[in-house]
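Have a look at final04.txt below; it lists compact mmCIF, C-alpha atoms and all ligand atoms.
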# COMPACT_ATOMS: atom_id res chain seq x y z
CA MET A 1 106.47 107.30 128.23
CA SER A 2 108.66 106.28 125.34
CA GLY A 3 110.13 108.83 123.00
CA ARG A 4 109.00 111.77 125.08
CA SER A 5 111.86 114.17 125.44
CA PRO A 6 111.79 116.24 128.58
CA THR A 7 110.80 119.82 128.01
CA ARG A 8 113.31 122.13 129.55
CA ARG A 9 111.48 125.35 128.72
CA ARG A 10 109.95 127.33 131.57
CA LEU A 11 106.20 127.03 131.76
CA ALA A 12 104.09 130.16 131.52
CA GLY A 13 102.20 131.06 134.70
CA HIS A 14 103.13 130.29 138.30
CA ALA A 15 103.61 126.63 138.90
CA GLU A 16 106.70 124.58 138.06
CA PRO A 17 106.84 120.79 138.30
CA ALA A 18 109.75 121.10 140.74
CA SER A 19 107.53 122.88 143.27
CA VAL A 20 104.45 120.70 142.88
CA ILE A 21 105.45 117.15 141.92
CA ARG A 22 106.59 114.72 144.63
CA GLU A 23 110.36 114.80 145.13
CA ASP A 24 110.72 111.06 144.63
CA VAL A 25 108.87 111.33 141.32
CA LEU A 26 111.05 114.25 140.20
CA ALA A 27 114.10 112.10 140.95
CA MET A 28 112.83 109.16 138.92
CA SER A 29 113.72 108.50 135.31
CA ALA A 30 110.92 107.43 132.97
CA TYR A 31 110.55 103.77 132.07
CA GLN A 32 112.65 103.45 128.93
CA VAL A 33 111.14 101.66 125.97
CA PRO A 34 113.83 101.68 123.28
CA ASP A 35 112.98 102.51 119.69
CA ALA A 36 112.64 99.16 117.93
CA ILE A 37 111.51 100.10 114.44
CA GLY A 38 113.06 97.70 111.92
CA MET A 39 114.71 95.65 114.65
CA LEU A 40 114.41 91.98 115.51
CA LYS A 41 112.68 92.57 118.83
CA LEU A 42 113.81 90.07 121.46
CA ASP A 43 113.76 92.37 124.47
CA ALA A 44 110.23 92.26 125.87
CA MET A 45 109.10 88.61 126.00
CA GLU A 46 106.57 89.13 123.27
CA ASN A 47 105.09 86.15 121.43
CA PRO A 48 106.52 86.24 117.86
CA PHE A 49 103.45 84.80 116.12
CA PRO A 50 100.80 87.10 114.65
CA LEU A 51 97.15 86.01 114.77
CA PRO A 52 96.21 83.78 111.81
CA ALA A 53 94.45 85.89 109.14
CA ALA A 54 91.09 84.14 109.49
CA LEU A 55 91.06 84.62 113.26
CA ALA A 56 92.14 88.26 112.95
CA GLY A 57 89.36 88.81 110.40
CA GLY A 58 86.74 87.25 112.65
CA LEU A 59 87.99 89.28 115.58
CA GLY A 60 87.82 92.51 113.59
CA HIS A 61 84.31 91.78 112.46
CA MET A 62 83.20 91.05 116.01
CA LEU A 63 84.91 94.15 117.43
CA ALA A 64 83.13 96.33 114.86
CA GLY A 65 79.89 95.50 116.66
CA VAL A 66 81.09 96.51 120.14
CA PRO A 67 79.22 99.62 121.35
CA LEU A 68 82.02 102.12 121.98
CA ASN A 69 79.57 104.74 123.22
CA ARG A 70 78.91 102.63 126.33
CA TYR A 71 81.02 102.26 129.43
CA PRO A 72 82.10 98.72 130.23
CA LEU A 73 79.89 96.85 132.69
CA PRO A 74 81.91 97.39 135.84
CA ASP A 75 81.79 93.80 137.12
CA TYR A 76 83.05 92.01 133.97
CA ALA A 77 80.96 88.99 134.97
CA ARG A 78 81.08 87.25 131.58
CA LEU A 79 84.80 87.64 131.08
CA GLU A 80 85.45 86.56 134.65
CA SER A 81 83.47 83.37 134.31
CA ARG A 82 85.08 82.60 130.95
CA LEU A 83 88.56 83.14 132.44
CA ARG A 84 87.72 80.95 135.43
CA GLU A 85 86.76 78.12 133.17
CA ALA A 86 89.63 78.52 130.68
CA MET A 87 92.38 79.08 133.25
CA ARG A 88 91.06 76.65 135.87
CA VAL A 89 90.63 79.19 138.62
CA PRO A 90 89.27 77.26 141.61
CA ALA A 91 85.71 78.00 142.72
CA SER A 92 87.01 78.94 146.18
CA ALA A 93 88.92 81.93 144.74
CA ALA A 94 87.54 85.35 143.87
CA LEU A 95 88.87 87.10 140.77
CA MET A 96 89.82 90.65 139.86
CA LEU A 97 90.78 91.86 136.39
CA GLY A 98 93.44 94.43 135.61
CA ASN A 99 94.77 96.50 132.74
CA GLY A 100 97.69 94.11 132.55
CA SER A 101 99.17 92.62 135.70
CA ASP A 102 101.18 95.83 136.07
CA GLU A 103 97.96 97.52 137.17
CA LEU A 104 97.19 94.72 139.62
CA ILE A 105 100.63 95.09 141.21
CA SER A 106 100.00 98.80 141.57
CA ILE A 107 96.53 98.24 143.11
CA ILE A 108 97.97 95.77 145.65
CA ALA A 109 100.71 98.25 146.51
CA GLN A 110 98.26 101.13 146.95
CA ALA A 111 95.76 99.20 149.02
CA THR A 112 98.42 97.93 151.43
CA ALA A 113 100.43 101.15 151.83
CA ARG A 114 99.64 101.86 155.46
CA PRO A 115 102.12 104.19 157.16
CA GLY A 116 105.36 102.27 157.62
CA ALA A 117 104.26 99.33 155.45
CA THR A 118 106.89 97.18 153.75
CA VAL A 119 106.81 95.29 150.45
CA LEU A 120 109.38 92.53 150.12
CA SER A 121 110.65 90.47 147.21
CA PRO A 122 113.67 88.35 146.42
CA TRP A 123 116.06 90.39 144.28
CA PRO A 124 116.80 90.80 141.41
CA SER A 125 113.22 90.37 140.26
CA PHE A 126 110.50 92.24 138.39
CA VAL A 127 111.23 95.98 138.65
CA MET A 128 107.54 96.90 138.96
CA PHE A 129 107.38 95.31 142.44
CA GLU A 130 109.80 97.91 143.76
CA MET A 131 108.49 100.77 141.64
CA SER A 132 104.83 100.27 142.60
CA ALA A 133 105.67 99.88 146.28
CA ARG A 134 107.68 103.09 146.33
CA LEU A 135 105.11 105.06 144.37
CA ALA A 136 102.46 103.93 146.83
CA GLY A 137 104.63 105.22 149.68
CA SER A 138 105.70 101.86 151.08
CA ARG A 139 109.21 100.74 151.88
CA PHE A 140 110.70 98.15 149.55
CA VAL A 141 113.08 95.44 150.73
CA GLY A 142 114.86 93.24 148.18
CA VAL A 143 116.38 90.04 149.57
CA PRO A 144 119.32 88.85 147.44
CA LEU A 145 118.95 85.54 145.64
CA THR A 146 121.71 82.96 145.99
CA ALA A 147 124.49 82.91 143.38
CA ASP A 148 122.52 80.40 141.30
CA PHE A 149 119.38 82.59 141.52
CA ALA A 150 117.53 80.38 144.02
CA LEU A 151 115.60 81.76 146.97
CA ASP A 152 117.96 82.23 149.90
CA ARG A 153 115.71 80.38 152.33
CA GLY A 154 117.40 81.59 155.51
CA ALA A 155 117.68 85.18 154.35
CA MET A 156 114.06 85.27 153.16
CA LEU A 157 112.66 83.85 156.40
CA ALA A 158 114.88 86.14 158.49
CA ALA A 159 113.82 89.18 156.44
CA ILE A 160 110.13 88.27 156.76
CA ASP A 161 110.57 87.92 160.52
CA ARG A 162 112.44 91.24 160.79
CA GLU A 163 110.48 93.39 158.32
CA ARG A 164 106.95 91.99 158.83
CA PRO A 165 106.08 92.79 155.18
CA ALA A 166 102.49 93.59 154.22
CA VAL A 167 103.18 91.94 150.86
CA VAL A 168 105.74 89.47 149.56
CA PHE A 169 105.95 89.32 145.75
CA LEU A 170 107.34 86.14 144.19
CA ALA A 171 107.67 85.99 140.40
CA TYR A 172 107.30 82.33 139.41
CA PRO A 173 109.26 81.89 137.13
CA ASN A 174 111.38 84.86 138.10
CA ASN A 175 112.13 87.72 135.70
CA PRO A 176 114.97 88.36 134.73
CA THR A 177 116.58 85.09 135.87
CA GLY A 178 114.06 82.68 134.23
CA ASN A 179 114.05 80.01 136.95
CA CYS A 180 111.23 78.78 139.19
CA PHE A 181 111.89 78.98 142.91
CA ASP A 182 111.68 75.87 145.07
CA PRO A 183 107.98 75.31 145.90
CA ALA A 184 108.95 73.90 149.31
CA VAL A 185 110.61 77.23 150.23
CA ILE A 186 107.58 79.10 148.90
CA ASP A 187 105.44 77.02 151.26
CA GLU A 188 107.65 78.06 154.16
CA ILE A 189 107.31 81.69 153.09
CA LEU A 190 103.52 81.30 152.94
CA ALA A 191 103.55 79.90 156.46
CA ALA A 192 105.87 82.59 157.84
CA ALA A 193 104.49 85.69 156.10
CA PRO A 194 102.40 87.94 158.38
CA GLY A 195 100.70 89.49 155.33
CA LEU A 196 100.01 88.60 151.73
CA VAL A 197 102.12 86.48 149.40
CA VAL A 198 101.51 87.29 145.73
CA ILE A 199 102.76 84.73 143.24
CA ASP A 200 103.21 86.39 139.86
CA GLU A 201 102.75 83.70 137.22
CA ALA A 202 103.23 85.90 134.15
CA TYR A 203 105.22 83.10 132.46
CA GLN A 204 102.90 80.24 133.43
CA PRO A 205 102.38 79.09 129.79
CA PHE A 206 106.09 78.28 129.65
CA ALA A 207 106.56 77.01 133.21
CA GLN A 208 103.92 74.29 133.37
CA HIS A 209 103.73 74.49 137.10
CA SER A 210 101.31 76.72 138.92
CA PHE A 211 99.92 77.67 142.32
CA MET A 212 96.52 78.51 140.83
CA ALA A 213 94.82 75.38 142.22
CA ARG A 214 95.63 76.68 145.71
CA ALA A 215 94.30 80.22 145.23
CA GLY A 216 91.47 80.81 147.68
CA GLU A 217 92.55 77.85 149.77
CA SER A 218 95.42 79.42 151.68
CA SER A 219 94.17 82.65 153.26
CA ASN A 220 97.21 84.79 152.40
CA LEU A 221 97.99 83.48 148.90
CA LEU A 222 97.15 85.50 145.80
CA VAL A 223 97.97 84.22 142.32
CA MET A 224 98.41 86.72 139.50
CA ARG A 225 98.45 85.97 135.79
CA THR A 226 98.41 87.86 132.51
CA MET A 227 97.50 87.24 128.88
CA SER A 228 100.59 89.22 127.82
CA LYS A 229 103.27 86.56 127.53
CA LEU A 230 100.79 84.09 126.05
CA GLY A 231 100.62 86.25 122.93
CA LEU A 232 98.34 89.17 123.80
CA ALA A 233 100.65 91.80 125.30
CA GLY A 234 98.86 94.56 123.42
CA LEU A 235 95.49 93.60 124.83
CA ARG A 236 96.46 94.51 128.42
CA LEU A 237 94.60 91.96 130.50
CA GLY A 238 95.77 90.51 133.79
CA TYR A 239 93.89 88.72 136.56
CA LEU A 240 94.32 88.15 140.26
CA ALA A 241 92.86 85.17 142.11
CA GLY A 242 92.59 84.83 145.87
CA ALA A 243 90.33 84.62 148.88
CA GLU A 244 87.23 86.80 148.56
CA PRO A 245 87.91 89.06 151.61
CA TRP A 246 91.16 90.28 150.00
CA ILE A 247 89.79 90.73 146.49
CA GLU A 248 86.85 92.65 147.94
CA GLN A 249 89.25 95.24 149.39
CA PHE A 250 91.43 95.52 146.27
CA ASP A 251 88.33 95.98 144.17
CA LYS A 252 87.68 99.29 145.97
CA VAL A 253 91.03 100.62 144.72
CA ARG A 254 90.54 99.38 141.15
CA PRO A 255 89.50 102.14 138.72
CA PRO A 256 85.92 101.18 137.82
CA TYR A 257 86.39 100.81 134.04
CA ASN A 258 89.98 99.57 134.04
CA VAL A 259 89.35 96.93 131.36
CA ASN A 260 88.01 98.62 128.25
CA VAL A 261 85.22 97.20 126.08
CA LEU A 262 87.54 96.27 123.20
CA THR A 263 89.86 94.32 125.50
CA GLU A 264 86.91 92.63 127.14
CA ALA A 265 85.31 91.62 123.84
CA ALA A 266 88.59 90.55 122.24
CA ALA A 267 89.54 88.45 125.27
CA LEU A 268 86.15 86.72 125.26
CA TYR A 269 86.58 85.96 121.58
CA LEU A 270 90.18 84.77 121.81
CA LEU A 271 89.62 82.60 124.88
CA ASP A 272 87.66 80.35 122.53
CA HIS A 273 90.91 79.81 120.65
CA LEU A 274 93.19 78.98 123.56
CA ASP A 275 94.36 75.85 121.77
CA LEU A 276 96.14 78.11 119.28
CA PHE A 277 98.01 79.95 122.05
CA ASP A 278 98.77 76.70 123.85
CA ALA A 279 100.28 75.30 120.64
CA GLN A 280 102.40 78.46 120.26
CA ALA A 281 103.59 78.15 123.86
CA ARG A 282 104.53 74.52 123.19
CA GLU A 283 106.49 75.58 120.10
CA LEU A 284 108.28 78.29 122.10
CA ARG A 285 109.20 75.78 124.83
CA GLU A 286 110.77 73.62 122.12
CA GLN A 287 112.58 76.61 120.66
CA ARG A 288 113.81 77.48 124.15
CA ALA A 289 115.43 74.04 124.50
CA ARG A 290 117.10 74.39 121.10
CA LEU A 291 118.35 77.87 121.82
CA ILE A 292 119.83 76.78 125.16
CA GLU A 293 121.58 73.92 123.41
CA ALA A 294 122.95 76.21 120.70
CA LEU A 295 124.18 78.75 123.22
CA ARG A 296 125.88 76.05 125.30
CA LEU A 297 128.05 75.21 122.29
CA ARG A 298 129.44 78.72 122.16
CA ALA A 299 132.51 79.83 124.04
CA GLY A 300 132.34 82.93 126.20
CA ILE A 301 128.69 82.44 127.11
CA ARG A 302 127.03 80.95 130.13
CA VAL A 303 123.34 80.32 129.61
CA TYR A 304 121.00 79.63 132.53
CA GLU A 305 118.13 77.17 132.72
CA SER A 306 114.80 78.81 131.98
CA ARG A 307 111.14 78.01 132.62
CA ALA A 308 110.03 81.21 130.84
CA ASN A 309 109.98 82.45 127.23
CA PHE A 310 113.32 84.17 127.67
CA LEU A 311 116.86 83.18 128.52
CA LEU A 312 119.39 84.83 130.73
CA MET A 313 122.94 84.58 129.47
CA ARG A 314 126.20 85.88 130.82
CA LEU A 315 129.08 86.98 128.59
CA THR A 316 132.07 85.51 130.35
CA ALA A 317 134.98 86.62 128.16
CA GLY A 318 135.66 89.65 130.32
CA HIS A 319 134.18 92.43 132.36
CA GLY A 320 132.18 94.77 130.12
CA CYS A 321 131.54 92.15 127.47
CA GLY A 322 127.80 92.04 128.24
CA PRO A 323 127.11 95.68 127.29
CA ALA A 324 129.61 95.42 124.40
CA VAL A 325 127.78 92.45 122.90
CA TRP A 326 124.46 94.23 123.48
CA ARG A 327 125.71 97.19 121.42
CA ALA A 328 127.13 94.93 118.72
CA LEU A 329 123.78 93.12 118.49
CA ARG A 330 121.93 96.40 118.26
CA GLU A 331 124.18 97.49 115.40
CA ARG A 332 123.02 94.32 113.66
CA ARG A 333 119.39 95.31 114.28
CA VAL A 334 118.83 92.79 117.05
CA LEU A 335 117.35 94.16 120.25
CA VAL A 336 117.78 92.21 123.50
CA LYS A 337 117.69 93.51 127.08
CA ASP A 338 120.89 94.55 128.80
CA VAL A 339 120.25 93.68 132.45
CA SER A 340 123.90 93.97 133.45
CA ARG A 341 123.37 97.14 135.48
CA MET A 342 120.21 95.95 137.23
CA HIS A 343 122.11 94.15 139.96
CA PRO A 344 125.74 93.16 140.65
CA MET A 345 124.63 89.53 140.42
CA LEU A 346 123.72 90.17 136.77
CA ALA A 347 127.04 91.65 135.68
CA ASP A 348 127.55 91.09 131.93
CA CYS A 349 124.13 89.44 131.63
CA LEU A 350 121.70 89.86 128.73
CA ARG A 351 118.09 88.72 128.66
CA VAL A 352 116.86 87.35 125.33
CA THR A 353 113.27 86.54 124.39
CA VAL A 354 112.81 83.14 122.78
CA GLY A 355 111.45 83.79 119.29
CA SER A 356 110.37 81.68 116.32
CA ALA A 357 112.88 79.23 114.79
CA ASP A 358 113.70 81.81 112.15
CA GLU A 359 114.18 84.65 114.63
CA ASN A 360 116.38 82.52 116.87
CA ALA A 361 118.57 81.60 113.89
CA GLN A 362 118.90 85.30 113.05
CA PHE A 363 119.77 86.06 116.66
CA LEU A 364 122.45 83.33 116.79
CA ASP A 365 123.95 84.56 113.55
CA ALA A 366 124.11 88.14 114.82
CA LEU A 367 125.48 86.91 118.14
CA ASP A 368 128.33 85.03 116.47
CA ARG A 369 129.31 88.16 114.59
CA ALA A 370 128.93 90.26 117.73
CA LEU A 371 131.11 87.85 119.70
CA ALA A 372 133.75 87.84 116.97
CA ASP A 373 134.27 91.56 117.23
CA CYS A 374 133.64 91.96 120.93
CA PRO A 375 137.06 92.81 122.24
CA ALA A 376 137.15 91.00 125.54
CA PRO A 377 138.72 93.57 127.86
CA SER A 378 141.46 92.11 130.01
CA SER A 379 139.79 91.12 133.25
CA GLY A 380 139.80 93.74 135.95
CA ALA A 381 140.32 96.63 133.54
CA PRO A 382 137.69 99.30 134.11
CA ASP A 383 135.25 99.73 131.26
CA PRO A 384 135.17 103.48 130.53
CA ASP A 385 131.73 103.29 128.96
CA ARG A 386 130.33 101.57 132.00
CA ALA A 387 131.70 104.13 134.40
CA ASN A 388 129.79 106.89 132.62
CA ARG A 389 126.42 105.37 133.29
CA SER A 390 124.54 105.07 136.50
C1 LIG A 401 105.94 90.93 131.90
C2 LIG A 401 105.68 90.74 133.33
C3 LIG A 401 104.50 91.23 133.91
C4 LIG A 401 103.67 92.27 133.20
O1 LIG A 401 102.59 91.80 132.63
P1 LIG A 401 101.47 92.75 131.99
O2 LIG A 401 100.27 91.93 132.22
O3 LIG A 401 101.84 92.91 130.57
O4 LIG A 401 101.40 94.05 132.72
C5 LIG A 401 104.24 90.94 135.24
N1 LIG A 401 105.12 90.24 135.97
C6 LIG A 401 106.26 89.78 135.46
C7 LIG A 401 107.22 89.02 136.33
C8 LIG A 401 106.58 90.03 134.14
O5 LIG A 401 107.76 89.65 133.64

Could I get this structure in the form of structure tokens?
Ligand SMILES: *Cc1c(COP(=O)(O)O)cnc(C)c1O
Amino acid sequence: MSGRSPTRRRLAGHAEPASVIREDVLAMSAYQVPDAIGMLKLDAMENPFPLPAALAGGLGHMLAGVPLNRYPLPDYARLESRLREAMRVPASAALMLGNGSDELISIIAQATARPGATVLSPWPSFVMFEMSARLAGSRFVGVPLTADFALDRGAMLAAIDRERPAVVFLAYPNNPTGNCFDPAVIDEILAAAPGLVVIDEAYQPFAQHSFMARAGESSNLLVMRTMSKLGLAGLRLGYLAGAEPWIEQFDKVRPPYNVNVLTEAAALYLLDHLDLFDAQARELREQRARLIEALRLRAGIRVYESRANFLLMRLTAGHGCGPAVWRALRERRVLVKDVSRMHPMLADCLRVTVGSADENAQFLDALDRALADCPAPSSGAPDPDRANRS
């Protein structure tokens, strides 16, 4: 998807994309992954620590013995049982593996897309909830969070009652706001929802609170996790835990070899070294606290509490300062995520991955320089650059 420039030439032959491809797909823009070569990359919640050399060497040696001429065994029984044990998936829950949790979201959306079906999520939240629902042909309803990014209990329960959603997605902690929703309100949502409630725990290593123990217990609760934010984003492995009758249906939609043999073997190998990833997560939680403290000392910034490995901060000096600071950071080779156009609630907000101590120091240094030359536009003045973008 990244770096592919659209071809504007006419294709030889008869067919043109415009007459064959779905209209909603034609109208979409591709998921943008910015070019990050040579940049300090703090935009995608990646773990900053490479594998220790000895572990990488052992992994390479082991992977060399994996038979690439063979298809994966379609039931992934060994990896499933290893994951169950390592991640404390309760015996009452069935498990399904995905090529990242992105694929699991897409499978849930496809399997539930009956005519007229609705997918609901508090909003702003993870963009793939909306995207997968729409691509599957379902309606998507986003229920605005409160001003401090909490679940709007009344609005959520009213929307569930009105829309009768097939699926409610709850990111816990939420991306891009970083907070965990009130578990008591989640319980009310579980009780009120006529369909499934999927709790997306992508940031569980940094949140230290989980619904996993209840997967399989409550009939409409599914808990989704991923190895990505733990330090293995490139591996592409997510898992979904829930009551067997649901997983059995989703498994029919899952492409049969969706987890490749290298991912399977590497995950099995690395799950024996979870203590390393746990220690890294602990270090990142400490770095998160320090970064929040450092940002609080700076004028013109409001930083929000986070239970994830990223922080949401708002540039408060004036309207347009968020994108201006984003550009100034990029000029200093620091890449963060500009979420200011995602939702009006996120005006002038940037999302920053928590990195290593060294990376965070570099980020703060670049930020101070960026703030120094960010001309805070007088409030209310339209930002010409902003008006040009959708
Ligand atoms: C990053 C993220 C994911 C995607 O995880 P993959 O397993 O890498 O596909 C899922 N949900 C949320 C909320 C995320 O932020």

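Once all atoms listed in the file are used for the distance check, the residues close to ligand LIG 401 (chain A) at 6 Å turn out to be A:Gly100, A:Ser101, A:Asp102, A:Phe126, A:Ala171, A:Asn175, A:Asp200, A:Ala202, A:Thr226, A:Ser228, A:Ala233, A:Arg236, A:Leu237, A:Gly238.
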
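Considering all atoms listed in the file, the residue among A:Leu297, A:Ala207, A:Ala347, A:Met313 positioned nearest to A:Ala281 is A:Ala207.
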
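Distance-wise, atom CA of A:Val119 and atom CA of A:Tyr257 end up 26.8 Å apart.
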
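For the atom pair formed by atom CA of A:Asp152 and atom CA of A:Phe181, the distance is 9.8 Å, given to one decimal.
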
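Here the question is which of A:Ala265, A:Ala191, A:Val336, A:Ala30 gets nearest to A:Leu73 using all atoms listed in the file, and that residue is A:Ala265.
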